file target-v7.txt (compact mmCIF, N, CA and C atoms and all ligand atoms)
# COMPACT_ATOMS: atom_id res chain seq x y z
N MET A 1 257.74 13.47 170.10
CA MET A 1 257.08 13.50 168.79
C MET A 1 258.14 13.43 167.69
N LYS A 2 257.86 12.60 166.70
CA LYS A 2 258.77 12.52 165.57
C LYS A 2 257.98 12.88 164.32
N VAL A 3 258.45 13.93 163.63
CA VAL A 3 257.84 14.26 162.34
C VAL A 3 258.46 13.34 161.29
N MET A 4 257.62 12.55 160.66
CA MET A 4 258.14 11.51 159.75
C MET A 4 258.36 12.01 158.33
N LYS A 5 257.47 12.88 157.90
CA LYS A 5 257.61 13.42 156.55
C LYS A 5 256.59 14.53 156.32
N VAL A 6 256.73 15.23 155.21
CA VAL A 6 255.69 16.17 154.81
C VAL A 6 254.58 15.31 154.22
N ASP A 7 253.49 15.20 154.93
CA ASP A 7 252.39 14.35 154.47
C ASP A 7 251.74 14.94 153.22
N HIS A 8 251.48 16.23 153.29
CA HIS A 8 250.95 16.91 152.11
C HIS A 8 251.09 18.41 152.24
N ILE A 9 250.88 19.09 151.11
CA ILE A 9 250.87 20.55 151.07
C ILE A 9 249.46 20.96 150.70
N GLY A 10 248.82 21.74 151.56
CA GLY A 10 247.44 22.15 151.35
C GLY A 10 247.37 23.47 150.60
N ILE A 11 246.65 23.48 149.50
CA ILE A 11 246.56 24.68 148.65
C ILE A 11 245.09 25.08 148.49
N ALA A 12 244.80 26.33 148.85
CA ALA A 12 243.43 26.84 148.76
C ALA A 12 243.17 27.33 147.34
N VAL A 13 242.09 26.84 146.73
CA VAL A 13 241.77 27.23 145.36
C VAL A 13 240.30 27.65 145.24
N LYS A 14 240.02 28.49 144.24
CA LYS A 14 238.64 28.93 144.02
C LYS A 14 237.88 27.91 143.20
N ASN A 15 238.56 27.33 142.23
CA ASN A 15 237.89 26.42 141.31
C ASN A 15 238.68 25.12 141.19
N LEU A 16 238.19 24.09 141.84
CA LEU A 16 238.91 22.82 141.93
C LEU A 16 239.15 22.19 140.56
N GLU A 17 238.09 22.12 139.75
CA GLU A 17 238.21 21.47 138.43
C GLU A 17 239.29 22.14 137.58
N GLU A 18 239.25 23.48 137.58
CA GLU A 18 240.20 24.24 136.79
C GLU A 18 241.63 24.01 137.29
N THR A 19 241.80 24.02 138.60
CA THR A 19 243.13 23.87 139.20
C THR A 19 243.66 22.46 138.98
N ILE A 20 242.78 21.47 139.08
CA ILE A 20 243.20 20.08 138.84
C ILE A 20 243.81 19.96 137.44
N LYS A 21 243.19 20.64 136.47
CA LYS A 21 243.70 20.58 135.09
C LYS A 21 245.12 21.10 134.99
N PHE A 22 245.43 22.16 135.75
CA PHE A 22 246.79 22.68 135.77
C PHE A 22 247.77 21.62 136.29
N TYR A 23 247.41 20.99 137.40
CA TYR A 23 248.33 20.01 138.00
C TYR A 23 248.45 18.72 137.19
N THR A 24 247.39 18.36 136.48
CA THR A 24 247.46 17.12 135.69
C THR A 24 247.94 17.40 134.27
N ASP A 25 247.25 18.27 133.54
CA ASP A 25 247.58 18.50 132.12
C ASP A 25 248.90 19.23 131.94
N ILE A 26 249.16 20.21 132.80
CA ILE A 26 250.38 21.02 132.63
C ILE A 26 251.56 20.39 133.35
N LEU A 27 251.37 20.06 134.63
CA LEU A 27 252.49 19.52 135.41
C LEU A 27 252.63 18.00 135.29
N GLY A 28 251.59 17.35 134.81
CA GLY A 28 251.67 15.90 134.58
C GLY A 28 251.48 15.03 135.81
N LEU A 29 250.91 15.58 136.87
CA LEU A 29 250.62 14.76 138.05
C LEU A 29 249.36 13.94 137.82
N ASP A 30 249.17 12.91 138.65
CA ASP A 30 247.96 12.11 138.57
C ASP A 30 246.99 12.52 139.68
N LEU A 31 245.73 12.63 139.31
CA LEU A 31 244.69 12.86 140.32
C LEU A 31 244.36 11.52 140.94
N GLN A 32 244.59 11.42 142.27
CA GLN A 32 244.34 10.15 142.94
C GLN A 32 242.87 10.00 143.32
N ASP A 33 242.31 11.09 143.87
CA ASP A 33 240.98 10.97 144.43
C ASP A 33 240.44 12.37 144.76
N THR A 34 239.12 12.48 144.88
CA THR A 34 238.53 13.69 145.44
C THR A 34 237.58 13.27 146.55
N GLU A 35 237.36 14.17 147.48
CA GLU A 35 236.51 13.85 148.63
C GLU A 35 235.90 15.14 149.17
N ILE A 36 234.64 15.05 149.62
CA ILE A 36 234.03 16.19 150.30
C ILE A 36 234.10 15.94 151.80
N VAL A 37 234.70 16.88 152.52
CA VAL A 37 234.72 16.80 153.98
C VAL A 37 233.70 17.81 154.50
N GLU A 38 232.51 17.28 154.84
CA GLU A 38 231.39 18.13 155.23
C GLU A 38 231.74 19.05 156.40
N GLU A 39 232.38 18.45 157.40
CA GLU A 39 232.70 19.18 158.63
C GLU A 39 233.54 20.42 158.34
N GLN A 40 234.40 20.33 157.32
CA GLN A 40 235.27 21.46 156.99
C GLN A 40 234.72 22.29 155.83
N LYS A 41 233.55 21.90 155.32
CA LYS A 41 232.94 22.58 154.18
C LYS A 41 233.93 22.73 153.04
N VAL A 42 234.51 21.60 152.67
CA VAL A 42 235.57 21.67 151.69
C VAL A 42 235.53 20.44 150.77
N LYS A 43 235.87 20.69 149.51
CA LYS A 43 236.07 19.59 148.57
C LYS A 43 237.57 19.49 148.31
N VAL A 44 238.09 18.27 148.43
CA VAL A 44 239.54 18.07 148.42
C VAL A 44 239.93 17.18 147.26
N ALA A 45 241.03 17.51 146.59
CA ALA A 45 241.60 16.64 145.56
C ALA A 45 243.03 16.29 145.96
N PHE A 46 243.40 15.01 145.80
CA PHE A 46 244.74 14.56 146.17
C PHE A 46 245.54 14.24 144.93
N LEU A 47 246.75 14.80 144.86
CA LEU A 47 247.64 14.53 143.74
C LEU A 47 249.01 14.15 144.28
N PRO A 48 249.32 12.84 144.30
CA PRO A 48 250.60 12.40 144.86
C PRO A 48 251.80 12.92 144.07
N ILE A 49 252.85 13.25 144.82
CA ILE A 49 254.16 13.59 144.23
C ILE A 49 255.19 12.81 145.04
N GLY A 50 255.72 11.75 144.48
CA GLY A 50 256.68 10.93 145.21
C GLY A 50 256.10 10.48 146.54
N ASP A 51 256.80 10.86 147.62
CA ASP A 51 256.45 10.42 148.95
C ASP A 51 255.43 11.34 149.63
N THR A 52 255.03 12.38 148.94
CA THR A 52 254.10 13.33 149.55
C THR A 52 252.97 13.63 148.56
N GLU A 53 252.13 14.59 148.84
CA GLU A 53 251.11 14.93 147.87
C GLU A 53 250.65 16.37 147.99
N VAL A 54 250.06 16.84 146.91
CA VAL A 54 249.40 18.13 146.92
C VAL A 54 247.94 17.89 147.26
N GLU A 55 247.41 18.70 148.14
CA GLU A 55 246.01 18.61 148.53
C GLU A 55 245.36 19.93 148.12
N LEU A 56 244.50 19.88 147.11
CA LEU A 56 243.81 21.09 146.67
C LEU A 56 242.49 21.20 147.42
N LEU A 57 242.19 22.39 147.92
CA LEU A 57 241.01 22.60 148.76
C LEU A 57 240.12 23.68 148.19
N GLU A 58 238.89 23.32 147.85
CA GLU A 58 237.91 24.30 147.40
C GLU A 58 236.76 24.33 148.39
N SER A 59 236.36 25.51 148.79
CA SER A 59 235.28 25.62 149.76
C SER A 59 233.94 25.22 149.12
N THR A 60 233.10 24.51 149.88
CA THR A 60 231.77 24.16 149.38
C THR A 60 230.74 25.17 149.87
N SER A 61 231.19 26.15 150.65
CA SER A 61 230.27 27.12 151.22
C SER A 61 230.98 28.46 151.41
N GLU A 62 230.21 29.56 151.30
CA GLU A 62 230.82 30.88 151.41
C GLU A 62 231.35 31.18 152.79
N ASP A 63 230.86 30.44 153.80
CA ASP A 63 231.33 30.72 155.16
C ASP A 63 232.30 29.64 155.68
N GLY A 64 232.79 28.82 154.76
CA GLY A 64 233.76 27.80 155.17
C GLY A 64 235.14 28.39 155.42
N PRO A 65 235.98 27.67 156.17
CA PRO A 65 237.32 28.20 156.49
C PRO A 65 238.18 28.49 155.26
N ILE A 66 238.04 27.69 154.21
CA ILE A 66 238.85 27.93 153.01
C ILE A 66 238.33 29.18 152.26
N ALA A 67 237.02 29.37 152.23
CA ALA A 67 236.46 30.58 151.61
C ALA A 67 236.96 31.82 152.34
N LYS A 68 236.97 31.74 153.66
CA LYS A 68 237.43 32.88 154.46
C LYS A 68 238.92 33.12 154.25
N TYR A 69 239.65 32.03 154.14
CA TYR A 69 241.10 32.15 153.91
C TYR A 69 241.36 32.88 152.59
N ILE A 70 240.65 32.47 151.53
CA ILE A 70 240.85 33.07 150.21
C ILE A 70 240.44 34.54 150.21
N GLU A 71 239.38 34.84 150.96
CA GLU A 71 238.92 36.23 151.08
C GLU A 71 240.03 37.11 151.66
N ARG A 72 240.72 36.60 152.66
CA ARG A 72 241.77 37.39 153.33
C ARG A 72 243.10 37.37 152.58
N ASN A 73 243.46 36.19 152.03
CA ASN A 73 244.82 36.02 151.52
C ASN A 73 244.91 35.72 150.03
N GLY A 74 243.79 35.44 149.42
CA GLY A 74 243.81 34.98 148.03
C GLY A 74 244.15 33.49 147.98
N GLU A 75 244.18 32.97 146.75
CA GLU A 75 244.50 31.56 146.57
C GLU A 75 245.98 31.32 146.87
N GLY A 76 246.32 30.07 147.15
CA GLY A 76 247.73 29.73 147.32
C GLY A 76 247.96 28.71 148.42
N VAL A 77 249.24 28.51 148.74
CA VAL A 77 249.60 27.54 149.78
C VAL A 77 248.95 27.97 151.09
N GLN A 78 248.20 27.04 151.69
CA GLN A 78 247.43 27.38 152.88
C GLN A 78 247.99 26.72 154.13
N HIS A 79 248.42 25.47 154.00
CA HIS A 79 249.03 24.81 155.16
C HIS A 79 250.03 23.74 154.75
N LEU A 80 250.87 23.37 155.72
CA LEU A 80 251.80 22.26 155.55
C LEU A 80 251.40 21.20 156.54
N ALA A 81 251.32 19.95 156.08
CA ALA A 81 250.93 18.87 156.97
C ALA A 81 252.14 17.98 157.22
N PHE A 82 252.45 17.80 158.51
CA PHE A 82 253.55 16.95 158.94
C PHE A 82 252.98 15.66 159.51
N ARG A 83 253.45 14.54 159.00
CA ARG A 83 252.95 13.27 159.52
C ARG A 83 253.67 12.91 160.82
N VAL A 84 252.86 12.54 161.81
CA VAL A 84 253.39 12.09 163.10
C VAL A 84 252.87 10.68 163.38
N GLU A 85 253.57 9.99 164.28
CA GLU A 85 253.18 8.61 164.59
C GLU A 85 251.89 8.55 165.40
N ASN A 86 251.83 9.42 166.41
CA ASN A 86 250.69 9.38 167.33
C ASN A 86 250.20 10.80 167.57
N ILE A 87 249.04 11.11 167.06
CA ILE A 87 248.57 12.50 167.08
C ILE A 87 248.23 12.98 168.50
N GLU A 88 247.65 12.09 169.31
CA GLU A 88 247.31 12.48 170.68
C GLU A 88 248.58 12.87 171.44
N GLU A 89 249.62 12.04 171.30
CA GLU A 89 250.90 12.34 171.96
C GLU A 89 251.51 13.62 171.41
N ALA A 90 251.40 13.83 170.11
CA ALA A 90 251.97 15.02 169.49
C ALA A 90 251.28 16.28 170.01
N ILE A 91 249.95 16.25 170.12
CA ILE A 91 249.21 17.41 170.64
C ILE A 91 249.64 17.70 172.07
N ALA A 92 249.70 16.64 172.89
CA ALA A 92 250.08 16.81 174.29
C ALA A 92 251.48 17.40 174.40
N GLU A 93 252.39 16.90 173.57
CA GLU A 93 253.77 17.40 173.63
C GLU A 93 253.84 18.87 173.21
N MET A 94 253.10 19.24 172.17
CA MET A 94 253.11 20.63 171.73
C MET A 94 252.57 21.55 172.83
N GLN A 95 251.52 21.10 173.50
CA GLN A 95 250.94 21.90 174.58
C GLN A 95 251.91 22.03 175.76
N GLU A 96 252.60 20.91 176.07
CA GLU A 96 253.61 20.96 177.14
C GLU A 96 254.71 21.96 176.81
N LYS A 97 255.01 22.07 175.52
CA LYS A 97 256.07 23.00 175.09
C LYS A 97 255.55 24.42 174.92
N GLY A 98 254.30 24.65 175.32
CA GLY A 98 253.74 26.00 175.31
C GLY A 98 253.17 26.43 173.97
N MET A 99 253.03 25.50 173.04
CA MET A 99 252.46 25.85 171.73
C MET A 99 250.94 25.88 171.84
N LYS A 100 250.36 26.84 171.11
CA LYS A 100 248.91 26.94 171.09
C LYS A 100 248.38 26.06 169.95
N MET A 101 247.39 25.23 170.25
CA MET A 101 246.78 24.38 169.23
C MET A 101 245.41 24.93 168.87
N ILE A 102 245.08 24.95 167.58
CA ILE A 102 243.70 25.27 167.16
C ILE A 102 242.82 24.09 167.56
N ASP A 103 243.33 22.88 167.30
CA ASP A 103 242.60 21.66 167.68
C ASP A 103 243.29 21.01 168.87
N GLU A 104 242.59 21.00 169.99
CA GLU A 104 243.16 20.35 171.17
C GLU A 104 242.84 18.86 171.19
N MET A 105 241.91 18.49 170.33
CA MET A 105 241.56 17.08 170.13
C MET A 105 241.70 16.79 168.64
N PRO A 106 242.17 15.59 168.29
CA PRO A 106 242.26 15.29 166.86
C PRO A 106 240.88 15.26 166.21
N ARG A 107 240.82 15.65 164.95
CA ARG A 107 239.55 15.53 164.24
C ARG A 107 239.78 14.85 162.89
N TYR A 108 238.66 14.55 162.25
CA TYR A 108 238.72 13.82 160.99
C TYR A 108 239.25 14.71 159.88
N GLY A 109 240.23 14.21 159.15
CA GLY A 109 240.75 14.93 158.00
C GLY A 109 240.50 14.12 156.74
N ALA A 110 240.69 14.77 155.60
CA ALA A 110 240.49 14.10 154.32
C ALA A 110 241.37 12.86 154.23
N GLY A 111 240.89 11.86 153.53
CA GLY A 111 241.66 10.64 153.33
C GLY A 111 241.73 9.76 154.56
N GLY A 112 240.84 10.00 155.53
CA GLY A 112 240.79 9.15 156.72
C GLY A 112 241.87 9.44 157.75
N ALA A 113 242.54 10.58 157.60
CA ALA A 113 243.60 10.93 158.56
C ALA A 113 243.00 11.49 159.85
N LYS A 114 243.79 11.44 160.92
CA LYS A 114 243.45 12.17 162.14
C LYS A 114 244.36 13.40 162.14
N ILE A 115 243.74 14.57 162.28
CA ILE A 115 244.53 15.80 162.12
C ILE A 115 244.30 16.77 163.27
N ALA A 116 245.26 17.68 163.45
CA ALA A 116 245.13 18.78 164.41
C ALA A 116 245.99 19.93 163.91
N PHE A 117 245.41 21.12 163.88
CA PHE A 117 246.15 22.30 163.44
C PHE A 117 246.79 23.01 164.63
N MET A 118 248.03 23.45 164.42
CA MET A 118 248.69 24.31 165.40
C MET A 118 248.26 25.73 165.11
N HIS A 119 248.25 26.58 166.13
CA HIS A 119 247.92 27.98 165.90
C HIS A 119 249.10 28.67 165.22
N PRO A 120 248.85 29.37 164.09
CA PRO A 120 249.98 29.99 163.36
C PRO A 120 250.78 30.99 164.21
N LYS A 121 250.17 31.50 165.28
CA LYS A 121 250.92 32.40 166.17
C LYS A 121 252.04 31.65 166.86
N SER A 122 251.86 30.33 167.03
CA SER A 122 252.88 29.51 167.67
C SER A 122 253.92 29.01 166.68
N SER A 123 253.64 29.12 165.39
CA SER A 123 254.52 28.51 164.40
C SER A 123 254.95 29.51 163.32
N TYR A 124 255.23 30.73 163.77
CA TYR A 124 255.79 31.76 162.88
C TYR A 124 254.97 31.93 161.61
N ARG A 125 253.66 31.95 161.82
CA ARG A 125 252.69 32.25 160.75
C ARG A 125 252.59 31.20 159.65
N VAL A 126 253.15 30.02 159.91
CA VAL A 126 252.88 28.92 158.98
C VAL A 126 251.80 28.06 159.62
N LEU A 127 250.73 27.84 158.89
CA LEU A 127 249.68 26.97 159.43
C LEU A 127 250.16 25.53 159.28
N ILE A 128 250.45 24.90 160.42
CA ILE A 128 250.97 23.53 160.41
C ILE A 128 249.88 22.57 160.88
N GLU A 129 249.67 21.57 160.07
CA GLU A 129 248.73 20.50 160.42
C GLU A 129 249.53 19.29 160.85
N LEU A 130 249.24 18.75 162.01
CA LEU A 130 249.80 17.47 162.42
C LEU A 130 248.83 16.41 161.95
N CYS A 131 249.36 15.33 161.44
CA CYS A 131 248.52 14.38 160.71
C CYS A 131 249.00 12.96 160.99
N GLU A 132 248.05 12.11 161.36
CA GLU A 132 248.39 10.68 161.57
C GLU A 132 247.53 9.85 160.65
N ARG A 133 248.18 8.93 159.93
CA ARG A 133 247.40 8.00 159.12
C ARG A 133 248.09 6.66 159.01
ZN ZN B 1 245.69 19.13 155.11
call {"tool": "encode", "arguments": {"input": "target-v7.txt", "output": "structure tokens"}}
result
Amino acid sequence: MKVMKVDHIGIAVKNLEETIKFYTDILGLDLQDTEIVEEQKVKVAFLPIGDTEVELLESTSEDGPIAKYIERNGEGVQHLAFRVENIEEAIAEMQEKGMKMIDEMPRYGAGGAKIAFMHPKSSYRVLIELCER
């Protein structure tokens, strides 16, 4: 497996519209797109920064994973996404190396990516998303 770059930084927010204003009006980033990922009960906004991007995540439901995350940890950086060439191979390699995967099969991620989360117990409490696009 070769990690090619930091694909994006996932940030959990309570209010997407309000947070977007901070990143655009204050920091001067451009909002590229927003998307609702039904399966994850999340509304996502993408703001490119050079070769990577910020991904803002607002829960669309009180029982969604991002809502639960904010309940436990508050708003803030939620995950780091590393781009890999082949997600199936990356998952298999991580499992061979004894890493625990939350997703043993790739699933649909925002922006048409194929993604799989590693279990934070295997990655020193950083939630790492492997991402192929
Ligand atoms: Zn992500």
call {"tool": "closest_residue", "arguments": {"input": "target-v7.txt", "among": "A:Ala81, A:Val44, A:Ala113, A:Leu127", "to": "ligand ZN 1 (chain B)", "atoms": "all atoms listed in the file"}}
result
A:Ala81
call {"tool": "select_by_dssp", "arguments": {"input": "target-v7.txt", "residues": "range 19-55 of chain A", "states": "helix (DSSP H, G or I)", "output": "list of chain:residue names"}}
result
A:Thr19, A:Ile20, A:Lys21, A:Phe22, A:Tyr23, A:Thr24, A:Asp25, A:Ile26, A:Glu38, A:Glu39, A:Gln40
call {"tool": "residues_around", "arguments": {"input": "target-v7.txt", "residues": "range 38-41 of chain A", "least_positions_apart": "5", "cutoff": "6.5 Å", "atoms": "all atoms listed in the file", "output": "PyMOL selection string"}}
result
chain A and resi 58-61+64-65
call {"tool": "closest_atom_pairs", "arguments": {"input": "target-v7.txt", "of": "chain A", "to": "ligand ZN 1 (chain B)", "cutoff": "7 Å", "atoms": "only C-alpha atoms and all ligand atoms", "output": "Markdown table"}}
result
| residue | atom | partner | partner_atom | distance |
| --- | --- | --- | --- | --- |
| A:His8 | CA | B:ZN1 | ZN | 6.4 |
| A:Ile9 | CA | B:ZN1 | ZN | 6.7 |
| A:Gly10 | CA | B:ZN1 | ZN | 5.1 |
| A:Glu55 | CA | B:ZN1 | ZN | 6.6 |
| A:His79 | CA | B:ZN1 | ZN | 6.6 |
| A:Leu80 | CA | B:ZN1 | ZN | 6.9 |
| A:Ala81 | CA | B:ZN1 | ZN | 5.6 |
| A:Glu129 | CA | B:ZN1 | ZN | 6.3 |
call {"tool": "closest_residue", "arguments": {"input": "target-v7.txt", "among": "A:Gly74, A:Asp30, A:Asn15, A:Ile87", "to": "Ile49 in chain A", "atoms": "only C-alpha atoms"}}
result
A:Asp30
call {"tool": "select_by_dssp", "arguments": {"input": "target-v7.txt", "residues": "chain A", "states": "strand (DSSP E or B)", "output": "compact mmCIF listing (two decimals) with N, CA and C atoms, in the coordinates of the input"}}
result
# COMPACT_ATOMS: atom_id res chain seq x y z
N VAL A 3 258.45 13.93 163.63
CA VAL A 3 257.84 14.26 162.34
C VAL A 3 258.46 13.34 161.29
N MET A 4 257.62 12.55 160.66
CA MET A 4 258.14 11.51 159.75
C MET A 4 258.36 12.01 158.33
N LYS A 5 257.47 12.88 157.90
CA LYS A 5 257.61 13.42 156.55
C LYS A 5 256.59 14.53 156.32
N VAL A 6 256.73 15.23 155.21
CA VAL A 6 255.69 16.17 154.81
C VAL A 6 254.58 15.31 154.22
N ASP A 7 253.49 15.20 154.93
CA ASP A 7 252.39 14.35 154.47
C ASP A 7 251.74 14.94 153.22
N HIS A 8 251.48 16.23 153.29
CA HIS A 8 250.95 16.91 152.11
C HIS A 8 251.09 18.41 152.24
N ILE A 9 250.88 19.09 151.11
CA ILE A 9 250.87 20.55 151.07
C ILE A 9 249.46 20.96 150.70
N GLY A 10 248.82 21.74 151.56
CA GLY A 10 247.44 22.15 151.35
C GLY A 10 247.37 23.47 150.60
N ILE A 11 246.65 23.48 149.50
CA ILE A 11 246.56 24.68 148.65
C ILE A 11 245.09 25.08 148.49
N ALA A 12 244.80 26.33 148.85
CA ALA A 12 243.43 26.84 148.76
C ALA A 12 243.17 27.33 147.34
N VAL A 13 242.09 26.84 146.73
CA VAL A 13 241.77 27.23 145.36
C VAL A 13 240.30 27.65 145.24
N ASP A 33 242.31 11.09 143.87
CA ASP A 33 240.98 10.97 144.43
C ASP A 33 240.44 12.37 144.76
N THR A 34 239.12 12.48 144.88
CA THR A 34 238.53 13.69 145.44
C THR A 34 237.58 13.27 146.55
N GLU A 35 237.36 14.17 147.48
CA GLU A 35 236.51 13.85 148.63
C GLU A 35 235.90 15.14 149.17
N ILE A 36 234.64 15.05 149.62
CA ILE A 36 234.03 16.19 150.30
C ILE A 36 234.10 15.94 151.80
N VAL A 37 234.70 16.88 152.52
CA VAL A 37 234.72 16.80 153.98
C VAL A 37 233.70 17.81 154.50
N VAL A 42 234.51 21.60 152.67
CA VAL A 42 235.57 21.67 151.69
C VAL A 42 235.53 20.44 150.77
N LYS A 43 235.87 20.69 149.51
CA LYS A 43 236.07 19.59 148.57
C LYS A 43 237.57 19.49 148.31
N VAL A 44 238.09 18.27 148.43
CA VAL A 44 239.54 18.07 148.42
C VAL A 44 239.93 17.18 147.26
N ALA A 45 241.03 17.51 146.59
CA ALA A 45 241.60 16.64 145.56
C ALA A 45 243.03 16.29 145.96
N PHE A 46 243.40 15.01 145.80
CA PHE A 46 244.74 14.56 146.17
C PHE A 46 245.54 14.24 144.93
N LEU A 47 246.75 14.80 144.86
CA LEU A 47 247.64 14.53 143.74
C LEU A 47 249.01 14.15 144.28
N PRO A 48 249.32 12.84 144.30
CA PRO A 48 250.60 12.40 144.86
C PRO A 48 251.80 12.92 144.07
N ILE A 49 252.85 13.25 144.82
CA ILE A 49 254.16 13.59 144.23
C ILE A 49 255.19 12.81 145.04
N THR A 52 255.03 12.38 148.94
CA THR A 52 254.10 13.33 149.55
C THR A 52 252.97 13.63 148.56
N GLU A 53 252.13 14.59 148.84
CA GLU A 53 251.11 14.93 147.87
C GLU A 53 250.65 16.37 147.99
N VAL A 54 250.06 16.84 146.91
CA VAL A 54 249.40 18.13 146.92
C VAL A 54 247.94 17.89 147.26
N GLU A 55 247.41 18.70 148.14
CA GLU A 55 246.01 18.61 148.53
C GLU A 55 245.36 19.93 148.12
N LEU A 56 244.50 19.88 147.11
CA LEU A 56 243.81 21.09 146.67
C LEU A 56 242.49 21.20 147.42
N LEU A 57 242.19 22.39 147.92
CA LEU A 57 241.01 22.60 148.76
C LEU A 57 240.12 23.68 148.19
N GLU A 58 238.89 23.32 147.85
CA GLU A 58 237.91 24.30 147.40
C GLU A 58 236.76 24.33 148.39
N SER A 59 236.36 25.51 148.79
CA SER A 59 235.28 25.62 149.76
C SER A 59 233.94 25.22 149.12
N GLY A 76 246.32 30.07 147.15
CA GLY A 76 247.73 29.73 147.32
C GLY A 76 247.96 28.71 148.42
N VAL A 77 249.24 28.51 148.74
CA VAL A 77 249.60 27.54 149.78
C VAL A 77 248.95 27.97 151.09
N GLN A 78 248.20 27.04 151.69
CA GLN A 78 247.43 27.38 152.88
C GLN A 78 247.99 26.72 154.13
N HIS A 79 248.42 25.47 154.00
CA HIS A 79 249.03 24.81 155.16
C HIS A 79 250.03 23.74 154.75
N LEU A 80 250.87 23.37 155.72
CA LEU A 80 251.80 22.26 155.55
C LEU A 80 251.40 21.20 156.54
N ALA A 81 251.32 19.95 156.08
CA ALA A 81 250.93 18.87 156.97
C ALA A 81 252.14 17.98 157.22
N PHE A 82 252.45 17.80 158.51
CA PHE A 82 253.55 16.95 158.94
C PHE A 82 252.98 15.66 159.51
N ARG A 83 253.45 14.54 159.00
CA ARG A 83 252.95 13.27 159.52
C ARG A 83 253.67 12.91 160.82
N VAL A 84 252.86 12.54 161.81
CA VAL A 84 253.39 12.09 163.10
C VAL A 84 252.87 10.68 163.38
N MET A 101 247.39 25.23 170.25
CA MET A 101 246.78 24.38 169.23
C MET A 101 245.41 24.93 168.87
N ARG A 107 240.82 15.65 164.95
CA ARG A 107 239.55 15.53 164.24
C ARG A 107 239.78 14.85 162.89
N TYR A 108 238.66 14.55 162.25
CA TYR A 108 238.72 13.82 160.99
C TYR A 108 239.25 14.71 159.88
N LYS A 114 243.79 11.44 160.92
CA LYS A 114 243.45 12.17 162.14
C LYS A 114 244.36 13.40 162.14
N ILE A 115 243.74 14.57 162.28
CA ILE A 115 244.53 15.80 162.12
C ILE A 115 244.30 16.77 163.27
N ALA A 116 245.26 17.68 163.45
CA ALA A 116 245.13 18.78 164.41
C ALA A 116 245.99 19.93 163.91
N PHE A 117 245.41 21.12 163.88
CA PHE A 117 246.15 22.30 163.44
C PHE A 117 246.79 23.01 164.63
N MET A 118 248.03 23.45 164.42
CA MET A 118 248.69 24.31 165.40
C MET A 118 248.26 25.73 165.11
N ILE A 128 250.45 24.90 160.42
CA ILE A 128 250.97 23.53 160.41
C ILE A 128 249.88 22.57 160.88
N GLU A 129 249.67 21.57 160.07
CA GLU A 129 248.73 20.50 160.42
C GLU A 129 249.53 19.29 160.85
N LEU A 130 249.24 18.75 162.01
CA LEU A 130 249.80 17.47 162.42
C LEU A 130 248.83 16.41 161.95
N CYS A 131 249.36 15.33 161.44
CA CYS A 131 248.52 14.38 160.71
C CYS A 131 249.00 12.96 160.99
N GLU A 132 248.05 12.11 161.36
CA GLU A 132 248.39 10.68 161.57
C GLU A 132 247.53 9.85 160.65
call {"tool": "closest_residue", "arguments": {"input": "target-v7.txt", "among": "A:Leu47, A:Ala92, A:Val84, A:Val37", "to": "Ala110 in chain A", "atoms": "all atoms listed in the file"}}
result
A:Val37
call {"tool": "residues_near_point", "arguments": {"input": "target-v7.txt", "point": "(251.8, 16.6, 139.9)", "cutoff": "9 Å", "atoms": "only C-alpha atoms", "output": "NGL selection string"}}
result
:A and (22-24 or 26-31 or 47-49 or 53-54)
call {"tool": "atom_distance", "arguments": {"input": "target-v7.txt", "atom1": "atom N of Ile102 in chain A", "atom2": "CA of Leu16 in chain A"}}
result
26.5 Å
call {"tool": "atom_distance", "arguments": {"input": "target-v7.txt", "atom1": "atom C of Ile128 in chain A", "atom2": "atom N of Pro106 in chain A"}}
result
12.8 Å
